[in-house]
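Notes for the one structure printed next.
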Amino acid sequence: MKYSIFCFAATCATCLGAGLDVDLTSTDSIKAAAKVVAKNLMNYYTGDQPGQIPGILPGPPPAGPYYWWEGGALWGTMVDYWHYTGDTTYNNVTESSLIFQAGAPQNSYMPPNWTASLGNDDQGFWGMSAMLAAETNFQNPPAADPQWLALAQAVFNTQAARWDTEYCNGGMRWQIPLSNNGYDYKNTIANGIFFNLGARLARYTGNATYADWAVKTYNWCQAVGYIDQDFNIFDGGHVEHNCTDINKQQFSYIAAIFLQGAGFMYNYTDGAAEWDERVRGLTNQTFNYFFPNGIAVETSCELAEGVQCTTDMLSFKGYAHRFLAQTTQMAPIVHDTIMAVLRTSAQAAVKSCNADGTCGFRWTTGSYDGITGAGQEMNALGAMLSMLIDEPGVSRPFTNSSGGTSQGNPDAGSDPDVFQPTKPVTGRDKAGAGILTALVLACMVSLMVWMSVGK
Ligand SMILES: *[C@@H]1O[C@H](CO)[C@@H](O)[C@H](O)[C@H]1NC(C)=O
Ligand SMILES: *[C@@H]1O[C@H](CO)[C@@H](O)[C@H](O)[C@H]1NC(C)=O
Ligand SMILES: *[C@@H]1O[C@H](CO)[C@@H](O)[C@H](O)[C@H]1NC(C)=O
Ligand SMILES: *[C@@H]1O[C@H](CO)[C@@H](O)[C@H](O)[C@H]1NC(C)=O
Ligand SMILES: *[C@@H]1O[C@H](CO)[C@@H](O)[C@H](O)[C@H]1NC(C)=O
Ligand SMILES: *[C@@H]1O[C@H](CO)[C@@H](O)[C@H](O)[C@H]1NC(C)=O
Ligand SMILES: *[C@@H]1O[C@H](CO)[C@@H](O)[C@H](O)[C@H]1NC(C)=O
C-alpha cells in the first residue's frame, strides 16, 4: 500500500512534467541535475566567442547586465562544480578565465579595463575564487602564469595596504579608485571579504599575520556597530559621518562570507571560545534573517509584493549556500544545524527549475517564477552542489602542509599599487600628472555616468 502511494506520487511529479527531476537523497541524481543547470548557466558565458572578452559575463551595463565581479563569482561556482561532481568539462575555461582577468603584470585582480566599477569587493570576489581553487587543488596553471595561492595573496596584500585609520578608526573603503562613487563608504562586503581571505590564508599557510588581520577586521566591524550583539550584519556607513550613519540593509552573501571566515578562524584556532561563539551566533542569525521556514530569501529585496533585487542581488543566495556548506567542514559544531536548513532550501530551489535547467529566483512558491539569469542559475546550482558536501570523495580545504599544491608568494601584489600615491613627484612631473589625473577623472566620471544608469 505504502509502496503504491509512493509510486503514484513519483509518477505524478514526473507527469506534471515542467520541473527539474532531482532526488536530493541520491548522489547520482544531484550530479545529473547539476550538470543540466551548469550547462544552462554556461550558456550565459559568451567570453570565448570571437570579439568577446574572456572571463566576463555579458556587460558591464549598458553592454550587458553583469558587472565584472560576477565573472569572478561564476568561476568560483565552476570550481565548486568540478570539486563536488568531478566533472571536468568546464575546468579549462575556468582556469583560463581566472588567469585572463588577473590583471597582468601585477596579477592582483585590478585590470585597468574595469576600474570604473572596481570596489574592494569586486576585486575580492575574484580573490576568493582563486583561494577556493588553491583549497580544492583545482588544476594549477602553467608555471609562467600566476598561481592560485599567489593570486589570493596579491588581493589580500593590496587590500591590507588600503586599511585606512584616518576615518572611523580603521576599516577599508568600498571603492578602490578615489574618483569612484562610493569611495567615502566603508562597508561590510569589502571588509568581510578581506576578513574571509585573511582567515583562509591563515589556515592555508599557517602564517599568523593573516589571522591577525582577520581578527582586527572582525573586531573593527563590531566596534563600529556594523555587526551587532545579535550578529546582524549591516551594510555600512560613510567616512564623513565617522561610519555612524549605518545603512541597516542586510544581504545573505555578506552573512555567509563572515560565517565562512569565522569557520576558518574557528578551525585555525582549534576551536577557540571566541570563534565558537561567533560561529554559533552567526549561524543562528543568518538562518533567522535569510531562511524563514528553512528556505533562502534575499530578505532586503525579495519582497512579498515583488522582487526588487538588482542583477547583483539576484545571485547572492547561491554563494550563501556554497559558503555555508564549506563552513560545516571547518566548524563541525554547526554541521547538523546548517545542513538541515540547506537541505530544505535546496529542495525548494530545485522546484524553481524547469526540466531544461532554467531556474527562477523565488524559491518559496514551489515552482518556476520566470525570473531568469546567470545569478539564478548559480543560486540553484550552489544549492544542489552543497548537498554533496559530505560525500566521501569531496576533500576538505587543503593547506600547504596537507597536500595543497598551489604555489604562493607572500609578497604578491606588493609592487606599486596604481591607485595609491607612490614616490614624491617633482614639479615637472606634477604638471603632467595633473593633466593626466584630469583626463583620467574626466574619463571615469563619464564612464560612471553611463554605468550608474544600470546600477
Ligand atoms: C584542457 O587543457 C589541457 C591542456 O591544454 C588539454 O590537454 C585538455 O585536453 C583540455 N581539456 C579539455 C576538456 O578541453
Ligand atoms: C580590455 O578591453 C580590451 C578592449 O575591449 C580587450 O581587448 C581586452 O581583452 C580587455 N582585457 C581584459 C583583461 O578584460
Ligand atoms: C607553508 O607556508 C608557510 C608560510 O608561507 C611556510 O612558513 C611553511 O614553510 C609552508 N609549509 C610547507 C609545508 O610548505
Ligand atoms: C606572512 O604574511 C605576511 C603578510 O603577507 C608577509 O609579510 C610575511 O612575509 C609572511 N611570512 C612568511 C614566513 O611567509
Ligand atoms: C569615530 O568613531 C570611533 C569608533 O568607531 C571613535 O573611537 C572615534 O572617537 C570617533 N571619532 C570622532 C571624531 O567622532
Ligand atoms: C577543522 O577541520 C577539520 C577538517 O574538516 C576537522 O576534522 C576538524 O575537526 C576541525 N577542527 C575543529 C576544532 O573542529
Ligand atoms: C538566536 O537568535 C535569536 C534572535 O536574535 C535570539 O533571540 C536567540 O537567543 C539566539 N539563539 C542563540 C542560541 O544564539
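Chain labels A, B, ... are given in the sequence in which chains occur in the C-alpha cells; within each chain residues are numbered consecutively from 1, and ligands are likewise numbered from 1 in the order shown.
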
>> To check your reading of the model: which residues sit at most 10 Å from ligand 4 when counting only C-alpha atoms and all ligand atoms? Write the answer as a PyMOL selection string.
In response: chain A and resi 153-154+156-158+160+198+201-202+205-213+408-414

I need the chosen residues saved as a short mmCIF file (atom, residue, chain, number, x, y, z; two decimals), in the first residue's frame, with C-alpha atoms.
data_model
loop_
_atom_site.label_atom_id
_atom_site.label_comp_id
_atom_site.auth_asym_id
_atom_site.auth_seq_id
_atom_site.Cartn_x
_atom_site.Cartn_y
_atom_site.Cartn_z
CA GLN A 153 47.73 36.68 -1.53
CA ALA A 154 48.03 39.53 -4.03
CA PHE A 156 44.92 40.30 0.31
CA ASN A 157 48.16 42.32 0.29
CA THR A 158 46.76 45.13 -1.87
CA ALA A 160 45.80 45.32 3.66
CA GLY A 198 42.69 36.55 5.88
CA LEU A 201 45.12 32.33 4.06
CA ALA A 202 45.99 31.89 7.75
CA THR A 205 49.71 28.87 5.00
CA GLY A 206 49.86 28.77 8.81
CA ASN A 207 51.14 32.37 8.69
CA ALA A 208 49.74 34.21 11.75
CA THR A 209 49.93 37.64 10.09
CA TYR A 210 46.82 36.81 8.07
CA ALA A 211 44.96 35.72 11.20
CA ASP A 212 45.93 38.95 12.99
CA TRP A 213 44.36 40.93 10.15
CA GLY A 408 52.20 31.06 -3.11
CA ASN A 409 54.13 34.29 -2.91
CA PRO A 410 53.77 36.21 0.37
CA ASP A 411 54.86 39.41 -1.40
CA ALA A 412 52.43 39.10 -4.31
CA GLY A 413 50.68 42.30 -5.31
CA SER A 414 53.07 44.50 -3.40
#

>> At a cut-off of 6 Å and counting only C-alpha atoms and all ligand atoms, what residues surround ligand 6? Please answer as a PyMOL selection string.
In response: chain A and resi 267+270-271+329-332+396

> Which residues, written as a PyMOL selection string, have at least one atom at most 10 Å from Asn91 in chain A, with only C-alpha atoms counted and residues fewer than 4 positions away on the same chain left out?
Replying inline: chain A and resi 75+78-79+81-82+87+95-97+138-139

>> Show me which residues line ligand 1, defined as having an atom within 8 Å of a ligand atom where only C-alpha atoms and all ligand atoms count, and present them as a list in words.
In response: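 The residues near ligand 1 are Thr88, Thr89, Tyr90, Asn91 and Asn92 of chain A.
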
Can those selected residues be exported to a file as an mmCIF file, in the first residue's frame so that it contains N, CA and C atoms?
data_model
loop_
_atom_site.group_PDB
_atom_site.id
_atom_site.type_symbol
_atom_site.label_atom_id
_atom_site.label_comp_id
_atom_site.auth_asym_id
_atom_site.auth_seq_id
_atom_site.Cartn_x
_atom_site.Cartn_y
_atom_site.Cartn_z
ATOM 1 N N THR A 88 34.939 17.511 -15.300
ATOM 2 C CA THR A 88 35.998 18.450 -15.695
ATOM 3 C C THR A 88 35.642 19.281 -16.943
ATOM 4 N N THR A 89 34.389 19.142 -17.417
ATOM 5 C CA THR A 89 34.003 19.802 -18.676
ATOM 6 C C THR A 89 34.419 21.268 -18.743
ATOM 7 N N TYR A 90 34.248 21.991 -17.634
ATOM 8 C CA TYR A 90 34.465 23.441 -17.663
ATOM 9 C C TYR A 90 35.783 23.863 -17.021
ATOM 10 N N ASN A 91 36.646 22.908 -16.685
ATOM 11 C CA ASN A 91 37.873 23.264 -15.966
ATOM 12 C C ASN A 91 38.796 24.183 -16.765
ATOM 13 N N ASN A 92 38.956 23.895 -18.054
ATOM 14 C CA ASN A 92 39.904 24.711 -18.813
ATOM 15 C C ASN A 92 39.418 26.150 -18.984
#

>> Quick check, in Å to one decimal: how far apart do CA of Ile176 in chain A and CA of Gly119 in chain A lie?
In response: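 One can read the CA of Ile176 in chain A to CA of Gly119 in chain A distance as 5.3 Å.
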
> What do you get as JSON, numbers by chain if you pick all residues at most 12 Å from ligand 5, counting only C-alpha atoms and all ligand atoms?
Replying inline: {"A": [165, 166, 167, 168, 169, 170, 171, 186, 219, 220, 221, 222, 223, 224, 225, 226, 237, 238, 239, 240, 241, 242, 243, 244, 245, 246]}

Keeping N, CA and C atoms, export the residues of the selection given above as a CSV table (one decimal), in the first residue's frame.
chain,number,residue,atom,x,y,z
A,165,THR,N,43.2,54.3,8.6
A,165,THR,CA,42.9,54.7,10.0
A,165,THR,C,42.5,56.1,10.1
A,166,GLU,N,42.5,56.9,9.0
A,166,GLU,CA,42.1,58.3,9.1
A,166,GLU,C,40.7,58.5,9.5
A,167,TYR,N,39.8,57.6,9.0
A,167,TYR,CA,38.4,57.7,9.4
A,167,TYR,C,37.8,56.5,10.0
A,168,CYS,N,36.9,56.7,11.0
A,168,CYS,CA,36.2,55.5,11.6
A,168,CYS,C,37.1,54.6,12.3
A,169,ASN,N,38.3,55.1,12.7
A,169,ASN,CA,39.2,54.2,13.5
A,169,ASN,C,39.7,53.0,12.8
A,170,GLY,N,39.6,52.9,11.4
A,170,GLY,CA,40.1,51.8,10.7
A,170,GLY,C,39.1,51.4,9.6
A,171,GLY,N,39.3,50.2,9.1
A,171,GLY,CA,38.4,49.6,8.1
A,171,GLY,C,38.9,50.0,6.7
A,186,LYS,N,32.4,52.9,3.9
A,186,LYS,CA,33.1,51.8,4.4
A,186,LYS,C,32.0,50.7,4.7
A,219,ASN,N,36.9,42.6,14.5
A,219,ASN,CA,36.7,43.4,15.7
A,219,ASN,C,36.3,44.8,15.3
A,220,TRP,N,36.9,45.3,14.2
A,220,TRP,CA,36.5,46.7,13.8
A,220,TRP,C,35.0,46.7,13.3
A,221,CYS,N,34.6,45.7,12.6
A,221,CYS,CA,33.2,45.7,12.1
A,221,CYS,C,32.3,45.7,13.3
A,222,GLN,N,32.6,45.0,14.4
A,222,GLN,CA,31.8,45.0,15.6
A,222,GLN,C,31.9,46.4,16.3
A,223,ALA,N,33.1,46.9,16.4
A,223,ALA,CA,33.3,48.2,17.1
A,223,ALA,C,32.5,49.3,16.5
A,224,VAL,N,32.4,49.4,15.2
A,224,VAL,CA,31.6,50.5,14.6
A,224,VAL,C,30.1,50.2,14.5
A,225,GLY,N,29.8,49.0,15.0
A,225,GLY,CA,28.3,48.7,15.0
A,225,GLY,C,27.8,48.1,13.8
A,226,TYR,N,28.7,47.7,12.9
A,226,TYR,CA,28.2,47.0,11.6
A,226,TYR,C,27.7,45.6,11.9
A,237,GLY,N,28.6,52.4,6.4
A,237,GLY,CA,28.4,53.8,6.7
A,237,GLY,C,29.5,54.6,6.1
A,238,HIS,N,29.3,56.0,6.1
A,238,HIS,CA,30.2,56.9,5.4
A,238,HIS,C,31.2,57.5,6.3
A,239,VAL,N,32.4,57.8,5.7
A,239,VAL,CA,33.5,58.3,6.4
A,239,VAL,C,33.2,59.7,6.9
A,240,GLU,N,32.4,60.5,6.2
A,240,GLU,CA,32.0,61.9,6.6
A,240,GLU,C,31.2,61.8,7.9
A,241,HIS,N,30.6,60.7,8.2
A,241,HIS,CA,29.8,60.5,9.5
A,241,HIS,C,30.5,59.6,10.5
A,242,ASN,N,31.8,59.5,10.3
A,242,ASN,CA,32.6,58.6,11.1
A,242,ASN,C,31.9,57.2,11.2
A,243,CYS,N,31.3,56.8,10.1
A,243,CYS,CA,30.7,55.5,9.9
A,243,CYS,C,29.5,55.2,10.9
A,244,THR,N,28.9,56.3,11.4
A,244,THR,CA,27.8,56.1,12.3
A,244,THR,C,26.4,56.2,11.6
A,245,ASP,N,26.4,56.6,10.4
A,245,ASP,CA,25.1,56.6,9.6
A,245,ASP,C,24.9,55.2,9.0
A,246,ILE,N,24.7,54.3,9.8
A,246,ILE,CA,24.6,52.9,9.4
A,246,ILE,C,23.4,52.6,8.5

Per-residue nearest contacts of chain A to ligand 2 (10 Å; only C-alpha atoms and all ligand atoms) as a tab-separated table:
residue	atom	partner	partner_atom_place_in_ligand_line	distance
A:Gly47	CA	ligand 2	9 (O)	9.6
A:Gly51	CA	ligand 2	7 (O)	8.1
A:Gln52	CA	ligand 2	9 (O)	7.8
A:Ile53	CA	ligand 2	9 (O)	5.0
A:Pro54	CA	ligand 2	9 (O)	6.7
A:Gly55	CA	ligand 2	14 (O)	7.5
A:Ile56	CA	ligand 2	14 (O)	7.6
A:Trp68	CA	ligand 2	14 (O)	8.8
A:Ser97	CA	ligand 2	13 (C)	9.4
A:Ile99	CA	ligand 2	13 (C)	9.1
A:Phe100	CA	ligand 2	13 (C)	5.8
A:Gln101	CA	ligand 2	13 (C)	4.6
A:Ala102	CA	ligand 2	13 (C)	7.2
A:Gly103	CA	ligand 2	13 (C)	6.0
A:Ala104	CA	ligand 2	13 (C)	8.1
A:Tyr109	CA	ligand 2	13 (C)	9.1
A:Met110	CA	ligand 2	13 (C)	8.9
A:Pro111	CA	ligand 2	13 (C)	5.5
A:Pro112	CA	ligand 2	1 (C)	7.5
A:Asn113	CA	ligand 2	1 (C)	4.9
A:Trp114	CA	ligand 2	14 (O)	7.4

Take the residues just selected and output them with N, CA and C atoms as a PDB file, in the first residue's frame.
ATOM      1  N   GLY A  47      32.193  34.799 -23.415  1.00  0.00           N
ATOM      2  CA  GLY A  47      33.535  35.374 -23.494  1.00  0.00           C
ATOM      3  C   GLY A  47      34.502  34.597 -24.371  1.00  0.00           C
ATOM      4  N   GLY A  51      35.578  38.124 -30.713  1.00  0.00           N
ATOM      5  CA  GLY A  51      35.247  39.516 -30.446  1.00  0.00           C
ATOM      6  C   GLY A  51      34.805  39.786 -29.014  1.00  0.00           C
ATOM      7  N   GLN A  52      34.653  38.725 -28.222  1.00  0.00           N
ATOM      8  CA  GLN A  52      34.215  38.893 -26.837  1.00  0.00           C
ATOM      9  C   GLN A  52      35.429  38.860 -25.902  1.00  0.00           C
ATOM     10  N   ILE A  53      35.234  39.345 -24.676  1.00  0.00           N
ATOM     11  CA  ILE A  53      36.338  39.390 -23.717  1.00  0.00           C
ATOM     12  C   ILE A  53      36.306  38.154 -22.812  1.00  0.00           C
ATOM     13  N   PRO A  54      37.388  37.379 -22.813  1.00  0.00           N
ATOM     14  CA  PRO A  54      37.411  36.162 -21.981  1.00  0.00           C
ATOM     15  C   PRO A  54      37.240  36.462 -20.488  1.00  0.00           C
ATOM     16  N   GLY A  55      36.525  35.615 -19.800  1.00  0.00           N
ATOM     17  CA  GLY A  55      36.440  35.674 -18.346  1.00  0.00           C
ATOM     18  C   GLY A  55      35.247  36.403 -17.786  1.00  0.00           C
ATOM     19  N   ILE A  56      34.600  37.242 -18.606  1.00  0.00           N
ATOM     20  CA  ILE A  56      33.492  38.023 -18.043  1.00  0.00           C
ATOM     21  C   ILE A  56      32.138  37.595 -18.601  1.00  0.00           C
ATOM     22  N   TRP A  68      31.697  43.254 -13.718  1.00  0.00           N
ATOM     23  CA  TRP A  68      32.912  42.442 -13.828  1.00  0.00           C
ATOM     24  C   TRP A  68      33.025  41.386 -12.723  1.00  0.00           C
ATOM     25  N   SER A  97      39.977  31.710 -17.657  1.00  0.00           N
ATOM     26  CA  SER A  97      39.255  32.941 -17.296  1.00  0.00           C
ATOM     27  C   SER A  97      39.843  33.578 -16.045  1.00  0.00           C
ATOM     28  N   ILE A  99      42.771  33.387 -15.058  1.00  0.00           N
ATOM     29  CA  ILE A  99      44.093  33.943 -15.398  1.00  0.00           C
ATOM     30  C   ILE A  99      43.948  35.196 -16.267  1.00  0.00           C
ATOM     31  N   PHE A 100      43.042  35.131 -17.246  1.00  0.00           N
ATOM     32  CA  PHE A 100      42.929  36.253 -18.186  1.00  0.00           C
ATOM     33  C   PHE A 100      42.558  37.544 -17.472  1.00  0.00           C
ATOM     34  N   GLN A 101      41.705  37.450 -16.458  1.00  0.00           N
ATOM     35  CA  GLN A 101      41.241  38.647 -15.753  1.00  0.00           C
ATOM     36  C   GLN A 101      42.108  38.998 -14.541  1.00  0.00           C
ATOM     37  N   ALA A 102      43.246  38.327 -14.361  1.00  0.00           N
ATOM     38  CA  ALA A 102      44.072  38.552 -13.170  1.00  0.00           C
ATOM     39  C   ALA A 102      44.696  39.949 -13.152  1.00  0.00           C
ATOM     40  N   GLY A 103      44.793  40.577 -14.324  1.00  0.00           N
ATOM     41  CA  GLY A 103      45.347  41.925 -14.365  1.00  0.00           C
ATOM     42  C   GLY A 103      46.862  41.933 -14.378  1.00  0.00           C
ATOM     43  N   ALA A 104      47.456  41.255 -15.388  1.00  0.00           N
ATOM     44  CA  ALA A 104      48.908  41.258 -15.533  1.00  0.00           C
ATOM     45  C   ALA A 104      49.370  42.698 -15.751  1.00  0.00           C
ATOM     46  N   TYR A 109      44.088  41.111  -9.613  1.00  0.00           N
ATOM     47  CA  TYR A 109      42.685  41.327  -9.960  1.00  0.00           C
ATOM     48  C   TYR A 109      42.276  42.790  -9.910  1.00  0.00           C
ATOM     49  N   MET A 110      43.086  43.612 -10.571  1.00  0.00           N
ATOM     50  CA  MET A 110      42.709  45.011 -10.785  1.00  0.00           C
ATOM     51  C   MET A 110      43.005  45.397 -12.229  1.00  0.00           C
ATOM     52  N   PRO A 111      42.431  44.672 -13.220  1.00  0.00           N
ATOM     53  CA  PRO A 111      42.734  45.008 -14.612  1.00  0.00           C
ATOM     54  C   PRO A 111      42.207  46.409 -14.946  1.00  0.00           C
ATOM     55  N   PRO A 112      43.013  47.209 -15.642  1.00  0.00           N
ATOM     56  CA  PRO A 112      42.648  48.607 -15.921  1.00  0.00           C
ATOM     57  C   PRO A 112      41.297  48.770 -16.605  1.00  0.00           C
ATOM     58  N   ASN A 113      40.859  47.765 -17.389  1.00  0.00           N
ATOM     59  CA  ASN A 113      39.567  47.887 -18.080  1.00  0.00           C
ATOM     60  C   ASN A 113      38.408  48.185 -17.145  1.00  0.00           C
ATOM     61  N   TRP A 114      38.504  47.719 -15.907  1.00  0.00           N
ATOM     62  CA  TRP A 114      37.293  47.695 -15.067  1.00  0.00           C
ATOM     63  C   TRP A 114      37.370  48.631 -13.873  1.00  0.00           C
TER      64      TRP A 114
END

Range 272-283 of chain A environment, 7 Å, only C-alpha atoms, sequence neighbours closer than 5 positions dropped, as a PDB file with N, CA, C and O atoms, in the first residue's frame:
ATOM      1  N   PHE A 231      24.328  39.491  16.081  1.00  0.00           N
ATOM      2  CA  PHE A 231      25.002  39.002  14.874  1.00  0.00           C
ATOM      3  C   PHE A 231      24.284  39.376  13.583  1.00  0.00           C
ATOM      4  O   PHE A 231      24.436  38.728  12.552  1.00  0.00           O
ATOM      5  N   LEU A 259      30.426  34.248   8.077  1.00  0.00           N
ATOM      6  CA  LEU A 259      30.310  32.950   8.755  1.00  0.00           C
ATOM      7  C   LEU A 259      31.379  31.979   8.265  1.00  0.00           C
ATOM      8  O   LEU A 259      32.022  31.282   9.060  1.00  0.00           O
ATOM      9  N   ALA A 262      34.581  33.046   9.815  1.00  0.00           N
ATOM     10  CA  ALA A 262      34.585  32.665  11.238  1.00  0.00           C
ATOM     11  C   ALA A 262      34.833  31.168  11.380  1.00  0.00           C
ATOM     12  O   ALA A 262      35.535  30.726  12.301  1.00  0.00           O
ATOM     13  N   GLY A 263      34.277  30.382  10.461  1.00  0.00           N
ATOM     14  CA  GLY A 263      34.504  28.935  10.474  1.00  0.00           C
ATOM     15  C   GLY A 263      35.984  28.608  10.294  1.00  0.00           C
ATOM     16  O   GLY A 263      36.535  27.739  10.988  1.00  0.00           O
ATOM     17  N   MET A 265      38.489  30.623  11.031  1.00  0.00           N
ATOM     18  CA  MET A 265      39.192  31.059  12.239  1.00  0.00           C
ATOM     19  C   MET A 265      38.961  30.060  13.378  1.00  0.00           C
ATOM     20  O   MET A 265      39.873  29.768  14.154  1.00  0.00           O
ATOM     21  N   TYR A 266      37.751  29.538  13.449  1.00  0.00           N
ATOM     22  CA  TYR A 266      37.435  28.510  14.449  1.00  0.00           C
ATOM     23  C   TYR A 266      38.374  27.320  14.252  1.00  0.00           C
ATOM     24  O   TYR A 266      38.970  26.804  15.196  1.00  0.00           O
ATOM     25  N   VAL A 334      28.565  23.231  13.914  1.00  0.00           N
ATOM     26  CA  VAL A 334      27.315  23.715  13.310  1.00  0.00           C
ATOM     27  C   VAL A 334      26.909  22.875  12.097  1.00  0.00           C
ATOM     28  O   VAL A 334      25.984  23.239  11.363  1.00  0.00           O
TER      29      VAL A 334
END

Please, which residues in chain A fall within 6 Å of ligand 7 when counting only C-alpha atoms and all ligand atoms, and what is the closest atom pair and distance in Å to one decimal for each, ordered by chain then residue number, as JSON lines?
{"residue": "A:Asp230", "atom": "CA", "partner": "ligand 7", "partner_atom_place_in_ligand_line": "5 (O)", "distance": 4.9}
{"residue": "A:Gly281", "atom": "CA", "partner": "ligand 7", "partner_atom_place_in_ligand_line": "14 (O)", "distance": 5.0}
{"residue": "A:Asn284", "atom": "CA", "partner": "ligand 7", "partner_atom_place_in_ligand_line": "1 (C)", "distance": 4.8}
{"residue": "A:Gln285", "atom": "CA", "partner": "ligand 7", "partner_atom_place_in_ligand_line": "2 (O)", "distance": 5.3}

Sorted per-residue table, range 7-84 of chain A near range 348-363 of chain A, closest atoms and distance, 7 Å, only C-alpha atoms, as a tab-separated table:
residue	atom	partner	partner_atom	distance
A:Ala18	CA	A:Asn354	CA	5.4
A:Gly19	CA	A:Asn354	CA	4.4
A:Leu20	CA	A:Ala355	CA	3.9
A:Asp21	CA	A:Ala355	CA	6.7
A:Val36	CA	A:Gly357	CA	5.4
A:Val37	CA	A:Gly357	CA	4.4
A:Asn40	CA	A:Gly357	CA	5.9

How would the residues just chosen look if you wrote them out with all heavy atoms as a PDB file, in the first residue's frame?
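And here's result05.pdb as it stands now:
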ATOM      1  N   ALA A  18       6.887  19.834 -15.819  1.00  0.00           N
ATOM      2  CA  ALA A  18       7.723  21.004 -16.048  1.00  0.00           C
ATOM      3  C   ALA A  18       9.025  20.986 -15.261  1.00  0.00           C
ATOM      4  O   ALA A  18      10.038  21.471 -15.727  1.00  0.00           O
ATOM      5  CB  ALA A  18       6.937  22.260 -15.700  1.00  0.00           C
ATOM      6  N   GLY A  19       8.991  20.413 -14.044  1.00  0.00           N
ATOM      7  CA  GLY A  19      10.100  20.580 -13.124  1.00  0.00           C
ATOM      8  C   GLY A  19      11.347  19.759 -13.433  1.00  0.00           C
ATOM      9  O   GLY A  19      11.301  18.744 -14.118  1.00  0.00           O
ATOM     10  N   LEU A  20      12.472  20.243 -12.885  1.00  0.00           N
ATOM     11  CA  LEU A  20      13.733  19.509 -12.957  1.00  0.00           C
ATOM     12  C   LEU A  20      13.619  18.323 -12.013  1.00  0.00           C
ATOM     13  O   LEU A  20      13.229  18.475 -10.862  1.00  0.00           O
ATOM     14  CB  LEU A  20      14.871  20.430 -12.503  1.00  0.00           C
ATOM     15  CG  LEU A  20      16.297  19.885 -12.547  1.00  0.00           C
ATOM     16  CD1 LEU A  20      16.739  19.645 -13.981  1.00  0.00           C
ATOM     17  CD2 LEU A  20      17.245  20.868 -11.866  1.00  0.00           C
ATOM     18  N   ASP A  21      13.957  17.136 -12.538  1.00  0.00           N
ATOM     19  CA  ASP A  21      13.775  15.920 -11.767  1.00  0.00           C
ATOM     20  C   ASP A  21      15.025  15.646 -10.949  1.00  0.00           C
ATOM     21  O   ASP A  21      16.069  15.341 -11.504  1.00  0.00           O
ATOM     22  CB  ASP A  21      13.500  14.773 -12.764  1.00  0.00           C
ATOM     23  CG  ASP A  21      13.108  13.500 -12.057  1.00  0.00           C
ATOM     24  OD1 ASP A  21      12.737  13.576 -10.863  1.00  0.00           O
ATOM     25  OD2 ASP A  21      13.175  12.433 -12.699  1.00  0.00           O
ATOM     26  N   VAL A  36      22.870  19.572 -15.775  1.00  0.00           N
ATOM     27  CA  VAL A  36      21.888  20.275 -16.613  1.00  0.00           C
ATOM     28  C   VAL A  36      21.886  21.772 -16.289  1.00  0.00           C
ATOM     29  O   VAL A  36      21.894  22.617 -17.194  1.00  0.00           O
ATOM     30  CB  VAL A  36      20.469  19.680 -16.403  1.00  0.00           C
ATOM     31  CG1 VAL A  36      19.422  20.493 -17.143  1.00  0.00           C
ATOM     32  CG2 VAL A  36      20.436  18.223 -16.847  1.00  0.00           C
ATOM     33  N   VAL A  37      21.913  22.084 -14.995  1.00  0.00           N
ATOM     34  CA  VAL A  37      21.879  23.503 -14.596  1.00  0.00           C
ATOM     35  C   VAL A  37      23.207  24.185 -14.938  1.00  0.00           C
ATOM     36  O   VAL A  37      23.226  25.337 -15.387  1.00  0.00           O
ATOM     37  CB  VAL A  37      21.525  23.644 -13.098  1.00  0.00           C
ATOM     38  CG1 VAL A  37      21.586  25.105 -12.657  1.00  0.00           C
ATOM     39  CG2 VAL A  37      20.141  23.074 -12.829  1.00  0.00           C
ATOM     40  N   ASN A  40      23.168  25.071 -18.537  1.00  0.00           N
ATOM     41  CA  ASN A  40      22.303  26.231 -18.732  1.00  0.00           C
ATOM     42  C   ASN A  40      23.016  27.515 -18.285  1.00  0.00           C
ATOM     43  O   ASN A  40      23.001  28.533 -18.984  1.00  0.00           O
ATOM     44  CB  ASN A  40      21.012  26.016 -17.921  1.00  0.00           C
ATOM     45  CG  ASN A  40      19.919  26.984 -18.308  1.00  0.00           C
ATOM     46  OD1 ASN A  40      20.125  28.190 -18.237  1.00  0.00           O
ATOM     47  ND2 ASN A  40      18.771  26.463 -18.717  1.00  0.00           N
TER      48      ASN A  40
END

>> Among range 211-317 of chain A, which ones does DSSP assign to strand (DSSP E or B) (computed from the backbone)? Answer as an NGL selection string.
In response: :A and (227 or 233 or 236-238 or 247 or 302-303 or 306-307)

Restricted to N, CA, C and O atoms, what would the selected residues look like written as a CSV table (one decimal), in the first residue's frame?
chain,number,residue,atom,x,y,z
A,227,ILE,N,28.4,45.0,12.9
A,227,ILE,CA,27.9,43.7,13.4
A,227,ILE,C,27.3,44.0,14.8
A,227,ILE,O,28.1,44.5,15.7
A,233,ILE,N,24.4,41.7,10.4
A,233,ILE,CA,25.5,42.4,9.8
A,233,ILE,C,24.9,43.4,8.8
A,233,ILE,O,24.3,43.0,7.8
A,236,GLY,N,26.8,49.2,5.9
A,236,GLY,CA,27.9,50.1,6.0
A,236,GLY,C,27.6,51.5,6.4
A,236,GLY,O,26.4,51.8,6.6
A,237,GLY,N,28.6,52.4,6.4
A,237,GLY,CA,28.4,53.8,6.7
A,237,GLY,C,29.5,54.6,6.1
A,237,GLY,O,30.4,54.1,5.5
A,238,HIS,N,29.3,56.0,6.1
A,238,HIS,CA,30.2,56.9,5.4
A,238,HIS,C,31.2,57.5,6.3
A,238,HIS,O,31.0,57.8,7.5
A,247,ASN,N,23.7,52.1,7.3
A,247,ASN,CA,22.6,51.6,6.4
A,247,ASN,C,22.3,50.2,6.9
A,247,ASN,O,23.2,49.3,6.8
A,302,GLU,N,13.8,40.7,-1.9
A,302,GLU,CA,12.8,39.7,-2.4
A,302,GLU,C,11.5,39.9,-1.5
A,302,GLU,O,11.4,39.2,-0.5
A,303,LEU,N,10.7,40.9,-1.9
A,303,LEU,CA,9.6,41.3,-1.0
A,303,LEU,C,8.3,40.5,-1.4
A,303,LEU,O,8.2,40.1,-2.6
A,306,GLY,N,6.8,42.0,-4.5
A,306,GLY,CA,7.6,41.8,-5.7
A,306,GLY,C,9.1,41.8,-5.5
A,306,GLY,O,9.6,42.1,-4.5
A,307,VAL,N,9.8,41.3,-6.5
A,307,VAL,CA,11.2,41.2,-6.4
A,307,VAL,C,11.8,42.5,-6.9
A,307,VAL,O,11.6,42.9,-8.0

>> Given only C-alpha atoms as the basis, pick out the residue of A:Leu118, A:Val341, A:Met128, A:Ala33 nearest to Phe195 in chain A.
In response: A:Met128

> If you count only C-alpha atoms, which residues fall within 12 Å of Ser345 in chain A, apart from same-chain ones fewer than 5 positions away, as number ranges by chain?
Replying inline: A: 24, 287, 290-297, 317-318, 320-321, 338-340, 350-352, 362-366, 379-380, 382-384, 386-387
